[in-house]
Each structure stands twice: as C-alpha cells, then as structure tokens.
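Remarks on the structure that follows.
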Amino acid sequence: MSSGVEMVLSIAKDALAAQQDGINVTGHNIANVNTPGYSRQSPVLEAKEPELYGGVLLGRGVDTTQVVRASDQVLENRLMQQKSDMFSFKEMESYMQVFEGLFNENSDSSLSGLIGDFWNLWHDLANNPSGTAERVALYEHSALLSQHFNDLDGDLSQLDTDLTNALRGGIEKINEITAEIARLNDEIVGLENDGMANDLRDQRNTLASELTEYIDAKIFEQDNGSFTIVSAKGCVLVNQDENYDLQMNGDAVEWLGSGGAAVDITNHITKGKLGGWLDMRDEIVAKYQGDLNALAEEFIWTLNQQHSQGVGLEAFSSVTATYDVSDTGEELGTADSGLDYYDRLSDGTFNVWVYDSAGAVVGGAPTVITVDADPGGTTLASITADINAVANINASITTDNKLQIDAAGGFTFAFSDDTSNVLAGLGINTFFKGATAGGMGVNDVIGSNKNCIAAAQIDALGNFASGDNANALAMTDVQYASKSIGIWTCDRRDGNTEGTTNATLEDYYHAMVGSIGIKASSISGSRAFSEVMVNELTTMRESISGVSLDEEMTELIKYQHAFAAAAKLITVADEMLDTLISVK
C-alpha cells in the first residue's frame, strides 16, 4: 500500500501527464485548423481505479485512455456520394460550354446563317440563270457551307477524343488513389493494436473523398478498421491491403480482377468525373454528332436529288460518279451494294439525251434506262452495260467501283426525268458529294466547271436554254419541303436508337440547337443543386469534425490551468514530505 504522500505525488504526476496530453492534442488541432479533411481530436480522460487506504477507498488520479476524432463516417460517406454527383455535373457543364460554343448562332458564320445564304444564292441564280458571277458565288458559298459541316464534325470528333483522354488521365489518378488507400489500410490495421490511428484515418477519408470525385464508389469499414471500396458493377477497387486497377481499352473502361481478367464496366459508371465524361462522350456528343450527320445526309441527298433532274449551261462530255459500291454485282437498292444512298433508290426510269456537235438530239429522242431497285434487280455492272449500249457514249466502271460515262468525239450527253433516283444515288449530275457532315463537299465536276450547275431542265424534245431557271427555282423550293430526317437517342445503358422526325432542313437544325441549349441548362441546374447539397453536408461535417480556434483556445486555457494546479500539487506533496522528515 502506498503511503499518503506517495499517493499525492502519483496523482500529481498522472495529472501533469494527462493535462500535457490535453495540451498536445489541442495544439495538434490548432496546427491542423486548415488541413483538408482533418477531424478534430479530443483526449479521453478516465479516473483511475480507487485504492483502499486507511479503510477508505481513495481515488488515484487520472489516465489518458485514448485520443478520439470527432467524425461521423455515415455523414462522411453521404458527403462523398454527393460530391460524386456534383463533380459529374461539373465536368459535363464545363464541356457543354465548349459544346455550345461550336454551335454558336450569334456569329456571322453560324450554320443557320450559311444555310440561309445558300438558299438566297440559288434565288440569285434563278434570277439570272446564265450569270457567271452568280454561279461562282453559289459554288464558293457552297464550299464554305460544306467546310462548316466538316469543321463541326471534326470539332465533335476532337471533343470525343478529348473526353477519352480525360478518362485515361482520370483512371491513372484512380489507380494512384486506390493504391495509397490500400497502403493506409495496412498501416492503420498495424497501428491500431495500440489505439486509433486518427491522422491516418483522416488521410484515408480524404483520399476516399477524392476517389469519389472521379468514380461512384461505396465504402465499407471492416471490423479491423480497413476500408473495402466497391465501384461500378460490384467491382472491388480496394480490399484490405490490395487494390485493383482500372484500364482503358480503346473507348472502354475495364476493371482488372485478381486473375488478370478484364471486365468492361463502362456503362455501369454513373457518377464522378468519369461518369460525367462518359455521359458527355457517349450520350451528348454521340447524339448530336449523329443528328448533325443525319442533317448533312438529308441536306446532301435532297439537293442532289433535285439537281440531278436539271441540266447546266452545257451538256456533259465526261462525268464520273461521286459514290462507289463495294460490289459491282450486288443490287444497287440493297445494303450489300455498299452504296451510301441505296435505300433512296426505287423502281423507275431516267432519260439519256445525246447531242451532236450542233446541239441536236441524236435520233430525235432520248434513250430510256430502266432501273429495278428490288433484290435481283439493277447492279452497277448492269446499269453500266445499259448506258454503254447508248450510241455515241461509253460507260465503264473505274478501279474504285464508280460509274464513268464519256461521250464519243463531237458528242455530248445529259439526263432528265429520273424517277428511280439512281443518278443522285450514284452521284451523277449532282451538286454535293459525300453522305456525312465530315465527308460533305461540292461535286468536283462543278468545282472544275461552274457551267455544270443545273439551273435549267430539259423539255420533252430534249431542248434546254441558258435562260431557263426551272431547276434553280425547284432547288430554292427544297428549303420549304418537310423531310423525314433521322434523330438519335443515345443511352449508355439502353443503347442508341435512331428515330425520325418530319421537318424542313432549317427547322431541324434550329430544333437541334435549341435542344443543346435546353440540355446545357438542365446540366447547369443539376450542378447547382448538387453543389448546394455538398455545401450543406460540408457545413454539417464541419460542425462535427471541424476545428474552432475559439474552442481550442478555451480548451488550451483549461488544460494550462489544470497543468499548473497539478504542478502546485507536487509542491504541496514535497512540503508534506519535508515536514515528515523534519519530525523524525
């Protein structure tokens, strides 16, 4: 049994140590007031077990049993999940600003402005069908319009590439974070045999929060204090002291399991920066690139179909189709032919007019070529043979599977009354080439000779005049015609589907641009809402875990006074001991 003086000294010593612990912890809090993710710590003081002395149980002082952190892991997890939503919308909003800039309708070179000027130039040509200036202006502007389609398609493709590169960078960061969390798991489990590894837990929470900024993840704390982190499709990113990497395989995000097998989780990632980048790339960019191509496809076809019904200031001496086939023996009206506009062909006929050097119709009438677009019908080989049978012209197939027609010396030829659409389908006597926004351009024949712009039409006797504007007027009327145009719905989980809508070419584009604005506004609204939620949860976290300098200063004064009192107690005990010694 300890003597009374010894007990006082022991109590004083323990009190000094406990208050010193309190001062140390408080100082640690103050030092980390600005440390991201830091949770306020507090010492847990407990009275020591009493001891029987002189028949009375007397207290033996105080012990610091542990240092705890003020943290609510449930709240931390909620905050992480909300951050995951917020960063997804933030990334989408950032890229949508770039996306909207591509379709800026406020500039002088907007696509709608270029299309409007395109129709105006056809009106100008209709007013003066033989005018060289009008033809050159129409050609130059059409080339500019085509280039704008090309540029938009290229910009969207570049945005797609940028998003894929962002995904690669994000995956590298995720792998770094999960590796560090696995390392901290191991360290925490090893240290917590002697108490809570508070600072390491804060570091791990900060890393877990950063991880959820990139990808949606669920966090589970195991009995031994380690984190298990599970992401999309139930794939484990961290388990104990092991982490599992992600990788990019082409455009796909894959999870690498312990056996080395790769699992595609692209369409299961819904949140975080990766989710935002994937939604932007595979849904928004994909949809509007599909819609832009659908607009370009219909624009090219509609103009070509009408242009092929007309004739320029002069007939052709030679012409080569702009569209090729993959198999010259396959029916032109089937997908197997490889023809871009195979589905626009129908059963019908067209006239081939041949003119002598004086401009008179050879034979006084055209040769009628019949087209059978059904399976088993007209092929490139058969139509080439049919045209080749016409006197004074030669038809052949080029090495790249295109139809080529050449007149014999002193003769020319032209076309009219195509009810099969085969001329437009093959790219004979057409205005544009290509079938997509990226491949659109003005027909090279027109580029070489502006007289080939078909403002006139051939009459029943084969005559056409330089002052005839019948086809030019028909071309201007195209702008008012409602067309069935493809419209895309892109969903990473349910797949992409193409529907149709009936609209004029300009109305379709205006609706597309309006849809982009609505989508951007919706994303901005979602970002703002999720940001408010994050701020509220952050405030809640700070009220629990944050360091208040005012409170810490109060705690510091309390521990300081207690430390001084404990020191005084040692002085008292020393004086008591001196008194006892002097008595002896």
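In the structure tokens, the first chain shown is A, the next is B, and so on; residue numbers restart at 1 for each chain, and ligands run from 1 in the order shown.
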
Exercise. Near stretch 502-516 of chain A, within 8 Å and counting only C-alpha atoms, which residues show up once chain neighbours fewer than 3 positions away are dropped, as a list of chain:residue names?
Worked result: A:Glu100, A:Phe103, A:Ser112, A:Ile115, A:Tyr288, A:Asp291, A:Leu295, A:Glu298, A:Phe299, A:Gln479, A:Tyr480, A:Ala481, A:Ser482, A:Lys483, A:Ser484, A:Ile485, A:Lys519, A:Ala520

For this session: Quick one: everything within 7 Å of stretch 179-182 of chain A, counting only C-alpha atoms, minus sequence neighbours fewer than 2 positions away in the same chain. Send it as a list in words.
Result: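 Neighbouring residues, sequence-local ones excluded: Asn175, Glu176, Ile177, Leu184, Asn185, Asp186, Arg204, Leu207, Val238, Gln240, Asp241, Glu242 and Asn243 of chain A.
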
Exercise. Can you list, as a ChimeraX atom specification, every protein, DNA or RNA residue that comes within 8 Å of stretch 160-164 of chain A when you count only C-alpha atoms, leaving out same-chain residues fewer than 5 positions away?
Worked result: /A:251,277-278,280-281,285

For the residues selected in the previous step, produce a file with C-alpha atoms as a compact mmCIF listing (two decimals), in the first residue's frame.
# COMPACT_ATOMS: atom_id res chain seq x y z
CA ASP A 251 -13.02 3.64 -75.63
CA TRP A 277 -17.08 12.36 -69.15
CA LEU A 278 -18.74 9.14 -70.30
CA MET A 280 -20.82 13.63 -72.32
CA ARG A 281 -18.92 11.46 -74.80
CA VAL A 285 -21.63 14.23 -78.21

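Compared by their closest atoms to A:Ala17, and using only C-alpha atoms, the residues A:Ser317, A:Ser337, A:Asp578, A:Gln560 rank with A:Gln560 nearest.
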
Would you mind listing, for every residue of stretch 344-443 of chain A within 12 Å of stretch 463-470 of chain A, the two atoms forming the shortest contact and the distance between them in Å to one decimal, using only C-alpha atoms, sorted by chain and ascending residue number, as JSON lines?
{"residue": "A:Trp353", "atom": "CA", "partner": "A:Asn463", "partner_atom": "CA", "distance": 9.7}
{"residue": "A:Val354", "atom": "CA", "partner": "A:Asn463", "partner_atom": "CA", "distance": 11.2}
{"residue": "A:Tyr355", "atom": "CA", "partner": "A:Asn463", "partner_atom": "CA", "distance": 10.0}
{"residue": "A:Gly359", "atom": "CA", "partner": "A:Asn463", "partner_atom": "CA", "distance": 9.0}
{"residue": "A:Ala360", "atom": "CA", "partner": "A:Asn463", "partner_atom": "CA", "distance": 8.5}
{"residue": "A:Val361", "atom": "CA", "partner": "A:Asn463", "partner_atom": "CA", "distance": 8.2}
{"residue": "A:Val362", "atom": "CA", "partner": "A:Asn463", "partner_atom": "CA", "distance": 11.9}
{"residue": "A:Gly364", "atom": "CA", "partner": "A:Asn463", "partner_atom": "CA", "distance": 10.6}
{"residue": "A:Ala365", "atom": "CA", "partner": "A:Asn463", "partner_atom": "CA", "distance": 10.7}
{"residue": "A:Pro366", "atom": "CA", "partner": "A:Asn463", "partner_atom": "CA", "distance": 11.2}
{"residue": "A:Phe413", "atom": "CA", "partner": "A:Asn463", "partner_atom": "CA", "distance": 11.9}
{"residue": "A:Ala414", "atom": "CA", "partner": "A:Phe464", "partner_atom": "CA", "distance": 10.2}
{"residue": "A:Phe415", "atom": "CA", "partner": "A:Phe464", "partner_atom": "CA", "distance": 11.3}
{"residue": "A:Ser416", "atom": "CA", "partner": "A:Phe464", "partner_atom": "CA", "distance": 10.8}

Residues just named, written with C-alpha atoms as an mmCIF file, in the first residue's frame:
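File written: result09.cif
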data_model
loop_
_atom_site.group_PDB
_atom_site.id
_atom_site.type_symbol
_atom_site.label_atom_id
_atom_site.label_comp_id
_atom_site.auth_asym_id
_atom_site.auth_seq_id
_atom_site.Cartn_x
_atom_site.Cartn_y
_atom_site.Cartn_z
ATOM 1 C CA TRP A 353 -30.049 12.511 -124.174
ATOM 2 C CA VAL A 354 -27.179 12.516 -126.664
ATOM 3 C CA TYR A 355 -26.354 15.668 -128.674
ATOM 4 C CA GLY A 359 -26.526 20.576 -130.297
ATOM 5 C CA ALA A 360 -29.215 18.493 -131.984
ATOM 6 C CA VAL A 361 -30.668 15.441 -130.250
ATOM 7 C CA VAL A 362 -29.218 12.294 -131.811
ATOM 8 C CA GLY A 364 -34.593 12.790 -132.037
ATOM 9 C CA ALA A 365 -35.418 11.111 -128.730
ATOM 10 C CA PRO A 366 -33.769 10.006 -125.525
ATOM 11 C CA PHE A 413 -24.987 13.963 -123.237
ATOM 12 C CA ALA A 414 -27.404 14.960 -120.462
ATOM 13 C CA PHE A 415 -30.095 13.431 -118.256
ATOM 14 C CA SER A 416 -33.701 14.113 -117.337
#

Problem set entry | Contacts of A:Asn401 within 10 Å, only C-alpha atoms, excl. fewer than 4 positions in-chain, as a ChimeraX atom specification | /A:321,323-328,380-381,396-397

Exercise. At what distance in Å, to one decimal, does atom CA of A:Asp202 lie from atom CA of A:Asn239?
Worked result: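 According to the coordinates, atom CA of A:Asn239 and atom CA of A:Asp202 are separated by 18.1 Å.
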
For this session: Would you please work out which residue, of A:Asp550, A:Asp151, A:Glu76, A:Glu49, is nearest to A:Ile219 when using only C-alpha atoms?
Result: A:Glu76

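Nearest to A:Ser545 of all the residues A:Ile428, A:Leu75, A:Ile269, A:Ala567 is A:Leu75, counting only C-alpha atoms.
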
For this session: Measuring atom to atom with only C-alpha atoms, identify which of A:Leu274, A:Val98, A:Leu152, A:His141 is nearest to A:Gly169.
Result: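 Ranked by minimum distance to A:Gly169, first place goes to A:Leu274.
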
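Checking A:Ile458, A:Val230, A:Val189, A:Leu256 one by one against A:Ala315, counting only C-alpha atoms, you find the shortest gap at A:Ile458.
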
For this session: Enumerate, as an MDAnalysis selection string, the complete set of residues in stretch 306-476 of chain A that a backbone-based DSSP assignment places in helix (DSSP H, G or I).
Result: chainID A and resid 306:307 335:337 342:344 362:364 380:388 422:426 444:448 450:452 470:476

Could you turn the residues from that selection into a file that holds C-alpha atoms, as a CSV table (one decimal), in the first residue's frame?
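Writing the result to out.csv gives the following:
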chain,number,residue,atom,x,y,z
A,306,GLN,CA,-33.3,17.8,-107.3
A,307,HIS,CA,-30.1,18.8,-109.0
A,335,ALA,CA,-27.2,-2.6,-98.4
A,336,ASP,CA,-24.9,-5.2,-99.8
A,337,SER,CA,-24.1,-2.9,-102.7
A,342,TYR,CA,-29.0,2.6,-101.5
A,343,ASP,CA,-32.2,3.0,-99.5
A,344,ARG,CA,-33.3,6.0,-101.5
A,362,VAL,CA,-29.2,12.3,-131.8
A,363,GLY,CA,-32.1,10.1,-133.0
A,364,GLY,CA,-34.6,12.8,-132.0
A,380,LEU,CA,-23.7,-1.2,-111.2
A,381,ALA,CA,-22.5,-3.7,-113.8
A,382,SER,CA,-25.9,-4.0,-115.4
A,383,ILE,CA,-26.6,-0.2,-115.5
A,384,THR,CA,-23.1,0.4,-116.9
A,385,ALA,CA,-23.9,-2.1,-119.7
A,386,ASP,CA,-27.3,-0.4,-120.4
A,387,ILE,CA,-25.7,3.1,-120.6
A,388,ASN,CA,-22.8,1.8,-122.7
A,422,VAL,CA,-30.3,6.3,-109.3
A,423,LEU,CA,-28.5,9.3,-110.7
A,424,ALA,CA,-28.5,11.0,-107.3
A,425,GLY,CA,-27.7,7.7,-105.7
A,426,LEU,CA,-24.6,7.1,-107.8
A,444,ASP,CA,-15.7,18.1,-108.2
A,445,VAL,CA,-17.4,18.4,-111.6
A,446,ILE,CA,-18.9,21.7,-110.6
A,447,GLY,CA,-15.7,22.8,-109.0
A,448,SER,CA,-14.0,22.3,-112.4
A,450,LYS,CA,-19.4,26.2,-112.9
A,451,ASN,CA,-21.5,25.8,-116.1
A,452,CYS,CA,-22.4,22.4,-114.8
A,470,ALA,CA,-36.9,25.9,-113.8
A,471,ASN,CA,-34.4,23.7,-111.8
A,472,ALA,CA,-33.0,26.7,-109.9
A,473,LEU,CA,-36.4,27.5,-108.7
A,474,ALA,CA,-37.0,23.9,-107.8
A,475,MET,CA,-33.8,24.0,-105.8
A,476,THR,CA,-34.9,27.0,-103.8

For this session: as a PyMOL selection string, please: all residues of stretch 50-110 of chain A that backbone DSSP puts in strand (DSSP E).
Result: chain A and resi 51-53+56-58+62-69

For the selection you just gave me, I'd like the residues written to a file as a PDB file, in the first residue's frame, keeping C-alpha atoms.
ATOM      1  CA  GLU A  51      -7.295   2.164  -3.770  1.00  0.00           C
ATOM      2  CA  LEU A  52      -8.138   1.198  -0.169  1.00  0.00           C
ATOM      3  CA  TYR A  53      -6.186   3.380   2.229  1.00  0.00           C
ATOM      4  CA  VAL A  56     -11.253   4.273   2.851  1.00  0.00           C
ATOM      5  CA  LEU A  57     -11.324   3.959  -0.947  1.00  0.00           C
ATOM      6  CA  LEU A  58      -9.411   6.896  -2.287  1.00  0.00           C
ATOM      7  CA  VAL A  62      -6.406  10.206 -13.932  1.00  0.00           C
ATOM      8  CA  ASP A  63      -5.291   8.383 -17.044  1.00  0.00           C
ATOM      9  CA  THR A  64      -5.494   9.328 -20.764  1.00  0.00           C
ATOM     10  CA  THR A  65      -7.059   6.189 -22.196  1.00  0.00           C
ATOM     11  CA  GLN A  66      -7.221   7.237 -25.867  1.00  0.00           C
ATOM     12  CA  VAL A  67      -7.464  10.119 -28.304  1.00  0.00           C
ATOM     13  CA  VAL A  68     -10.659  10.116 -30.361  1.00  0.00           C
ATOM     14  CA  ARG A  69     -11.552  12.005 -33.532  1.00  0.00           C
TER      15      ARG A  69
END

Problem set entry | Option closest in space to A:Pro43, from A:Arg183, A:Thr501, A:Glu555, A:Ala294 [counting only C-alpha atoms] |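 Between A:Arg183, A:Thr501, A:Glu555, A:Ala294, the residue approaching A:Pro43 most closely is A:Glu555.
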
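The gap separating atom CA of A:Glu283 from atom CA of A:Gly495 is 9.5 Å, in Å to one decimal.
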
Fewer than 3 positions away in the same chain doesn't count, so skip those; otherwise give me all residues within 6 Å of A:Ile570, counting only C-alpha atoms, as a PDB file with C-alpha atoms, in the first residue's frame.
ATOM      1  CA  LEU A   9       2.798  12.521  -5.765  1.00  0.00           C
ATOM      2  CA  ALA A  12       0.076  14.837  -9.328  1.00  0.00           C
ATOM      3  CA  ALA A 567       2.368  21.228 -10.559  1.00  0.00           C
ATOM      4  CA  ALA A 573       3.460  16.943  -1.633  1.00  0.00           C
TER       5      ALA A 573
END

For this session: Tell me which protein, DNA and RNA residues are within 9 Å of A:Ile188, counting only C-alpha atoms, leaving out same-chain ones fewer than 5 positions away, and put them as a ChimeraX atom specification.
Result: /A:183,196-198,200-201,224-226
